[in-house]
Amino acid sequence: MALLQAKGLTKRFGGLTAVNDVDLALEPGQIASLIGPNGAGKTTFFNMVTGLYVPSEGSLTFDGHTLGRFKPNRVTSLGIARTFQNIRLFKNMTARENVLVGMNCRLRSPWYASLLHTNGMKKEETAAHIRANELLDYVGLGAERGDTIAKNLAYGMQRRLEIARALATEPKLLLLDEPSAGMNPRETQSLTDFIRQLRDDLGLTILLIEHDMKVVMGISDWIHVLDYGQKIAAGPPKEIQRNPRVIEAYLGKAATEA
């Protein structure tokens, strides 16, 4: 049974149809990619899954829940987390504080517990800081960088911090929007290995938007291709590399030689 399933998913902005009648299914534990030219509707699809946009037509289901009109905080609580093409950290907060923000949806102490400094709140706060340090270690920043202001981290470390914040929400599905953007080849390879590790270690299902075809072809179990908002192909990497419609629309002939 698919963890995430879109059927006939459509999003219109006035007279523009950004996503048009798209069917897509993600199996648990799968690493899948969503590719296509700029303007193909990839980020719009992400925004519908995460509750930023309400679909114009079609249905979205996740882990037995019907999405589509849930607010982003409700979607996050169900187990969907994301990163963004343009890094959206709280740049003037520390690395640890950014991760703690991600944990907010899993904290159980009521608001008044903070005012009263209850033992339960103190225990939860201590556990949250320990977990934040563990996540900083896990993504490769190291707990010793926890007090570093986010904007002072190197670009690649900011990317990893954004992933740590997403992991803090305890997701089942992780959406990565161009995770290797702006990285050099060494950083890109390290990130590719890390994405695979996330699936293997944590049992996550991962869907990524990515323009680096070396990353896409090297990591994906399954690839979905959009063009002008429509899905034109889906399949394993080798099949997509040789699909004439995909080559014409996006990959180019060089992809067949990869």
# chains A, B, ... in the order shown; residues from 1 in each chain; ligands from 1
$ residues_around --residues "A:Gly58" --least-positions-apart "3" --cutoff "7 Å" --atoms "only C-alpha atoms" --output "list in words"
Lys7, Gly8, Leu9, Thr10 and Pro55 of chain A
$ select_by_dssp --residues "stretch 42-112 of chain A" --states "strand (DSSP E or B)" --output "VMD selection string"
chain A and resid 57 to 62 65 to 66 80 to 82 94
$ atom_distance --atom1 "atom CA of A:Ser33" --atom2 "atom CA of A:Leu141"
25.7 Å
$ closest_residue --among "A:Pro28, A:Gly79, A:Gly229, A:Gly15" --to "A:Phe45" --atoms "only C-alpha atoms"
A:Gly229
$ closest_residue --among "A:Glu97, A:Asp212, A:Glu27, A:Asp63" --to "A:Thr188" --atoms "only C-alpha atoms"
A:Asp212
$ residues_around --residues "A:Arg199" --least-positions-apart "2" --cutoff "12 Å" --atoms "only C-alpha atoms" --output "list in words"
Pro28, Gly29, Gln30, Ile31, Ala32, Leu167, Pro171, Lys172, Leu173, Leu174, Thr192, Asp193, Phe194, Ile195, Arg196, Gln197, Asp201, Leu202, Gly203, Leu204, Thr205, Ile206, Leu207, Ile219, Ser220 and Asp221 of chain A
$ write_last_selection --atoms "N, CA and C atoms" --output "mmCIF file, in the first residue's frame"
data_model
loop_
_atom_site.group_PDB
_atom_site.id
_atom_site.type_symbol
_atom_site.label_atom_id
_atom_site.label_comp_id
_atom_site.auth_asym_id
_atom_site.auth_seq_id
_atom_site.Cartn_x
_atom_site.Cartn_y
_atom_site.Cartn_z
ATOM 1 N N PRO A 28 6.390 2.764 0.871
ATOM 2 C CA PRO A 28 7.192 2.940 2.092
ATOM 3 C C PRO A 28 8.642 2.518 1.880
ATOM 4 N N GLY A 29 9.575 3.338 2.351
ATOM 5 C CA GLY A 29 10.992 3.025 2.237
ATOM 6 C C GLY A 29 11.605 3.339 0.886
ATOM 7 N N GLN A 30 10.850 3.946 -0.003
ATOM 8 C CA GLN A 30 11.328 4.246 -1.349
ATOM 9 C C GLN A 30 12.039 5.591 -1.391
ATOM 10 N N ILE A 31 13.088 5.672 -2.195
ATOM 11 C CA ILE A 31 13.679 6.963 -2.541
ATOM 12 C C ILE A 31 13.256 7.260 -3.971
ATOM 13 N N ALA A 32 12.475 8.316 -4.144
ATOM 14 C CA ALA A 32 11.973 8.673 -5.464
ATOM 15 C C ALA A 32 12.361 10.108 -5.775
ATOM 16 N N LEU A 167 14.146 16.384 10.461
ATOM 17 C CA LEU A 167 14.151 15.102 11.179
ATOM 18 C C LEU A 167 13.597 15.259 12.590
ATOM 19 N N PRO A 171 9.532 12.552 11.016
ATOM 20 C CA PRO A 171 8.728 12.278 9.819
ATOM 21 C C PRO A 171 8.745 10.815 9.400
ATOM 22 N N LYS A 172 7.736 10.465 8.625
ATOM 23 C CA LYS A 172 7.713 9.201 7.891
ATOM 24 C C LYS A 172 8.103 9.446 6.432
ATOM 25 N N LEU A 173 7.751 10.638 5.951
ATOM 26 C CA LEU A 173 8.058 11.053 4.578
ATOM 27 C C LEU A 173 8.859 12.342 4.630
ATOM 28 N N LEU A 174 9.999 12.360 3.927
ATOM 29 C CA LEU A 174 10.856 13.542 3.873
ATOM 30 C C LEU A 174 10.898 14.044 2.437
ATOM 31 N N THR A 192 24.512 12.880 -1.202
ATOM 32 C CA THR A 192 23.844 11.733 -1.823
ATOM 33 C C THR A 192 23.964 10.497 -0.935
ATOM 34 N N ASP A 193 25.168 10.248 -0.435
ATOM 35 C CA ASP A 193 25.371 9.114 0.470
ATOM 36 C C ASP A 193 24.534 9.269 1.733
ATOM 37 N N PHE A 194 24.422 10.507 2.213
ATOM 38 C CA PHE A 194 23.678 10.758 3.445
ATOM 39 C C PHE A 194 22.180 10.534 3.248
ATOM 40 N N ILE A 195 21.654 10.933 2.105
ATOM 41 C CA ILE A 195 20.228 10.710 1.832
ATOM 42 C C ILE A 195 19.915 9.217 1.839
ATOM 43 N N ARG A 196 20.793 8.434 1.244
ATOM 44 C CA ARG A 196 20.597 6.981 1.266
ATOM 45 C C ARG A 196 20.673 6.451 2.701
ATOM 46 N N GLN A 197 21.570 7.021 3.484
ATOM 47 C CA GLN A 197 21.703 6.624 4.891
ATOM 48 C C GLN A 197 20.429 6.939 5.678
ATOM 49 N N ASP A 201 18.900 3.985 7.699
ATOM 50 C CA ASP A 201 18.956 4.065 9.163
ATOM 51 C C ASP A 201 17.590 4.286 9.799
ATOM 52 N N LEU A 202 16.806 5.175 9.199
ATOM 53 C CA LEU A 202 15.580 5.648 9.832
ATOM 54 C C LEU A 202 14.311 5.099 9.201
ATOM 55 N N GLY A 203 14.463 4.366 8.110
ATOM 56 C CA GLY A 203 13.284 3.803 7.445
ATOM 57 C C GLY A 203 12.409 4.847 6.789
ATOM 58 N N LEU A 204 12.989 5.992 6.434
ATOM 59 C CA LEU A 204 12.205 7.068 5.834
ATOM 60 C C LEU A 204 11.860 6.766 4.380
ATOM 61 N N THR A 205 10.750 7.302 3.950
ATOM 62 C CA THR A 205 10.423 7.398 2.529
ATOM 63 C C THR A 205 10.830 8.800 2.104
ATOM 64 N N ILE A 206 11.503 8.911 0.955
ATOM 65 C CA ILE A 206 12.076 10.194 0.551
ATOM 66 C C ILE A 206 11.671 10.514 -0.883
ATOM 67 N N LEU A 207 11.204 11.746 -1.079
ATOM 68 C CA LEU A 207 10.919 12.262 -2.420
ATOM 69 C C LEU A 207 11.724 13.532 -2.591
ATOM 70 N N ILE A 219 20.669 7.629 -7.001
ATOM 71 C CA ILE A 219 20.051 7.391 -5.702
ATOM 72 C C ILE A 219 18.609 6.902 -5.790
ATOM 73 N N SER A 220 17.942 7.149 -6.911
ATOM 74 C CA SER A 220 16.500 6.925 -6.988
ATOM 75 C C SER A 220 16.135 5.460 -7.246
ATOM 76 N N ASP A 221 15.129 5.001 -6.522
ATOM 77 C CA ASP A 221 14.496 3.724 -6.860
ATOM 78 C C ASP A 221 13.485 3.921 -7.982
#
$ residues_around --residues "A:Thr66" --least-positions-apart "4" --cutoff "12 Å" --atoms "only C-alpha atoms" --output "list in words"
Leu3, Leu4, Gln5, Ala6, Lys7, Val49, Gly51, Gly58, Ser59, Leu60, Thr61, Phe62, Phe70, Arg74, Val75 and Leu78 of chain A
$ write_last_selection --atoms "N, CA and C atoms" --output "compact mmCIF listing (two decimals), in the first residue's frame"
# COMPACT_ATOMS: atom_id res chain seq x y z
N LEU A 3 2.40 4.83 0.68
CA LEU A 3 2.42 5.74 1.83
C LEU A 3 1.79 7.08 1.43
N LEU A 4 2.16 7.58 0.24
CA LEU A 4 1.59 8.81 -0.30
C LEU A 4 1.01 8.50 -1.67
N GLN A 5 -0.21 8.97 -1.91
CA GLN A 5 -0.82 8.74 -3.22
C GLN A 5 -1.57 9.98 -3.67
N ALA A 6 -1.25 10.42 -4.87
CA ALA A 6 -1.96 11.53 -5.51
C ALA A 6 -2.73 10.96 -6.69
N LYS A 7 -3.98 11.37 -6.81
CA LYS A 7 -4.82 10.93 -7.93
C LYS A 7 -5.47 12.16 -8.57
N VAL A 49 1.29 18.90 -1.14
CA VAL A 49 1.47 17.81 -0.19
C VAL A 49 1.64 18.36 1.23
N GLY A 51 0.58 21.24 2.48
CA GLY A 51 -0.50 22.08 2.98
C GLY A 51 -0.36 23.56 2.71
N GLY A 58 -8.66 16.76 -7.58
CA GLY A 58 -7.91 15.55 -7.29
C GLY A 58 -7.83 15.27 -5.80
N SER A 59 -7.13 14.18 -5.46
CA SER A 59 -7.04 13.76 -4.07
C SER A 59 -5.61 13.45 -3.69
N LEU A 60 -5.33 13.63 -2.40
CA LEU A 60 -4.03 13.32 -1.81
C LEU A 60 -4.28 12.51 -0.54
N THR A 61 -3.65 11.36 -0.44
CA THR A 61 -3.76 10.59 0.80
C THR A 61 -2.36 10.25 1.29
N PHE A 62 -2.22 10.27 2.62
CA PHE A 62 -0.94 9.96 3.25
C PHE A 62 -1.20 9.10 4.47
N PHE A 70 -5.63 20.23 4.90
CA PHE A 70 -4.95 20.34 6.19
C PHE A 70 -3.94 21.49 6.14
N ARG A 74 -0.65 20.65 10.71
CA ARG A 74 -1.34 19.36 10.80
C ARG A 74 -0.65 18.33 9.93
N VAL A 75 -0.22 18.73 8.74
CA VAL A 75 0.51 17.83 7.84
C VAL A 75 1.81 17.36 8.50
N LEU A 78 1.31 14.73 11.09
CA LEU A 78 1.01 13.41 10.53
C LEU A 78 2.28 12.66 10.11
$ atom_distance --atom1 "atom CA of A:Gly182" --atom2 "atom CA of A:Gly156"
8.4 Å
$ closest_residue --among "A:Ala154, A:Ile223, A:Val19, A:Val54" --to "A:Met183" --atoms "only C-alpha atoms"
A:Ala154
$ atom_distance --atom1 "atom CA of A:Pro37" --atom2 "atom CA of A:Leu208"
14.4 Å
$ closest_residue --among "A:His211, A:His65, A:Arg160, A:Arg242" --to "A:Leu191" --atoms "only C-alpha atoms"
A:Arg160
$ select_by_dssp --residues "stretch 36-216 of chain A" --states "helix (DSSP H, G or I)" --output "number ranges by chain"
A: 42-49, 72-78, 95-106, 111-116, 119-138, 143-145, 150-152, 155-167, 185-202, 213-216
$ closest_residue --among "A:Lys91, A:Ala166, A:Val225, A:Ala150" --to "A:Leu198" --atoms "only C-alpha atoms"
A:Ala166
$ residues_around --residues "A:Leu34" --least-positions-apart "2" --cutoff "12 Å" --atoms "only C-alpha atoms" --output "PyMOL selection string"
chain A and resi 22+24-26+31-32+36-38+40-46+175-178+206-213+216-217+220-227+229-235+237+240
$ closest_residue --among "A:Gly146, A:Pro236, A:Gly140, A:Gly102" --to "A:Glu170" --atoms "only C-alpha atoms"
A:Gly102
$ residues_around --residues "A:Glu144" --least-positions-apart "4" --cutoff "12 Å" --atoms "only C-alpha atoms" --output "list in words"
Thr94, Ala95, Arg96, Ala132, Asn133, Glu134, Leu135, Leu136, Asp137, Gly140 and Thr148 of chain A
$ decode --residues "stretch 150-177 of chain A" --atoms "N, CA and C atoms" --output "compact mmCIF listing (two decimals), in the first residue's frame"
# COMPACT_ATOMS: atom_id res chain seq x y z
N ALA A 150 22.99 30.20 13.04
CA ALA A 150 22.78 29.46 11.80
C ALA A 150 23.39 30.16 10.59
N LYS A 151 23.27 31.49 10.51
CA LYS A 151 23.78 32.20 9.34
C LYS A 151 25.30 32.17 9.26
N ASN A 152 25.97 31.81 10.35
CA ASN A 152 27.42 31.75 10.36
C ASN A 152 27.97 30.39 9.95
N LEU A 153 27.09 29.43 9.75
CA LEU A 153 27.52 28.11 9.30
C LEU A 153 27.84 28.15 7.80
N ALA A 154 28.77 27.30 7.37
CA ALA A 154 29.05 27.16 5.95
C ALA A 154 27.79 26.68 5.22
N TYR A 155 27.73 26.97 3.94
CA TYR A 155 26.53 26.68 3.15
C TYR A 155 26.11 25.21 3.26
N GLY A 156 27.07 24.31 3.07
CA GLY A 156 26.74 22.88 3.15
C GLY A 156 26.23 22.48 4.52
N MET A 157 26.76 23.11 5.57
CA MET A 157 26.30 22.82 6.92
C MET A 157 24.89 23.36 7.15
N GLN A 158 24.57 24.49 6.52
CA GLN A 158 23.21 25.00 6.62
C GLN A 158 22.22 24.04 5.98
N ARG A 159 22.61 23.44 4.87
CA ARG A 159 21.76 22.43 4.23
C ARG A 159 21.51 21.26 5.19
N ARG A 160 22.54 20.83 5.85
CA ARG A 160 22.39 19.70 6.78
C ARG A 160 21.58 20.10 8.01
N LEU A 161 21.74 21.34 8.45
CA LEU A 161 20.94 21.80 9.58
C LEU A 161 19.45 21.80 9.21
N GLU A 162 19.14 22.19 8.00
CA GLU A 162 17.74 22.17 7.57
C GLU A 162 17.19 20.74 7.60
N ILE A 163 18.02 19.78 7.22
CA ILE A 163 17.60 18.38 7.30
C ILE A 163 17.41 17.95 8.75
N ALA A 164 18.33 18.39 9.63
CA ALA A 164 18.20 18.06 11.06
C ALA A 164 16.90 18.60 11.62
N ARG A 165 16.55 19.83 11.25
CA ARG A 165 15.29 20.41 11.72
C ARG A 165 14.09 19.60 11.21
N ALA A 166 14.17 19.15 9.96
CA ALA A 166 13.10 18.31 9.41
C ALA A 166 13.01 16.99 10.16
N LEU A 167 14.15 16.38 10.46
CA LEU A 167 14.15 15.10 11.18
C LEU A 167 13.60 15.26 12.59
N ALA A 168 13.74 16.45 13.16
CA ALA A 168 13.25 16.69 14.52
C ALA A 168 11.74 16.55 14.61
N THR A 169 11.04 16.66 13.49
CA THR A 169 9.58 16.50 13.50
C THR A 169 9.16 15.04 13.50
N GLU A 170 10.15 14.13 13.44
CA GLU A 170 9.90 12.68 13.42
C GLU A 170 9.05 12.27 12.22
N PRO A 171 9.53 12.55 11.02
CA PRO A 171 8.73 12.28 9.82
C PRO A 171 8.74 10.82 9.40
N LYS A 172 7.74 10.47 8.63
CA LYS A 172 7.71 9.20 7.89
C LYS A 172 8.10 9.45 6.43
N LEU A 173 7.75 10.64 5.95
CA LEU A 173 8.06 11.05 4.58
C LEU A 173 8.86 12.34 4.63
N LEU A 174 10.00 12.36 3.93
CA LEU A 174 10.86 13.54 3.87
C LEU A 174 10.90 14.04 2.44
N LEU A 175 10.50 15.30 2.24
CA LEU A 175 10.53 15.95 0.93
C LEU A 175 11.74 16.87 0.88
N LEU A 176 12.61 16.65 -0.09
CA LEU A 176 13.83 17.45 -0.23
C LEU A 176 13.77 18.22 -1.54
N ASP A 177 13.74 19.54 -1.46
CA ASP A 177 13.63 20.38 -2.65
C ASP A 177 15.03 20.87 -3.05
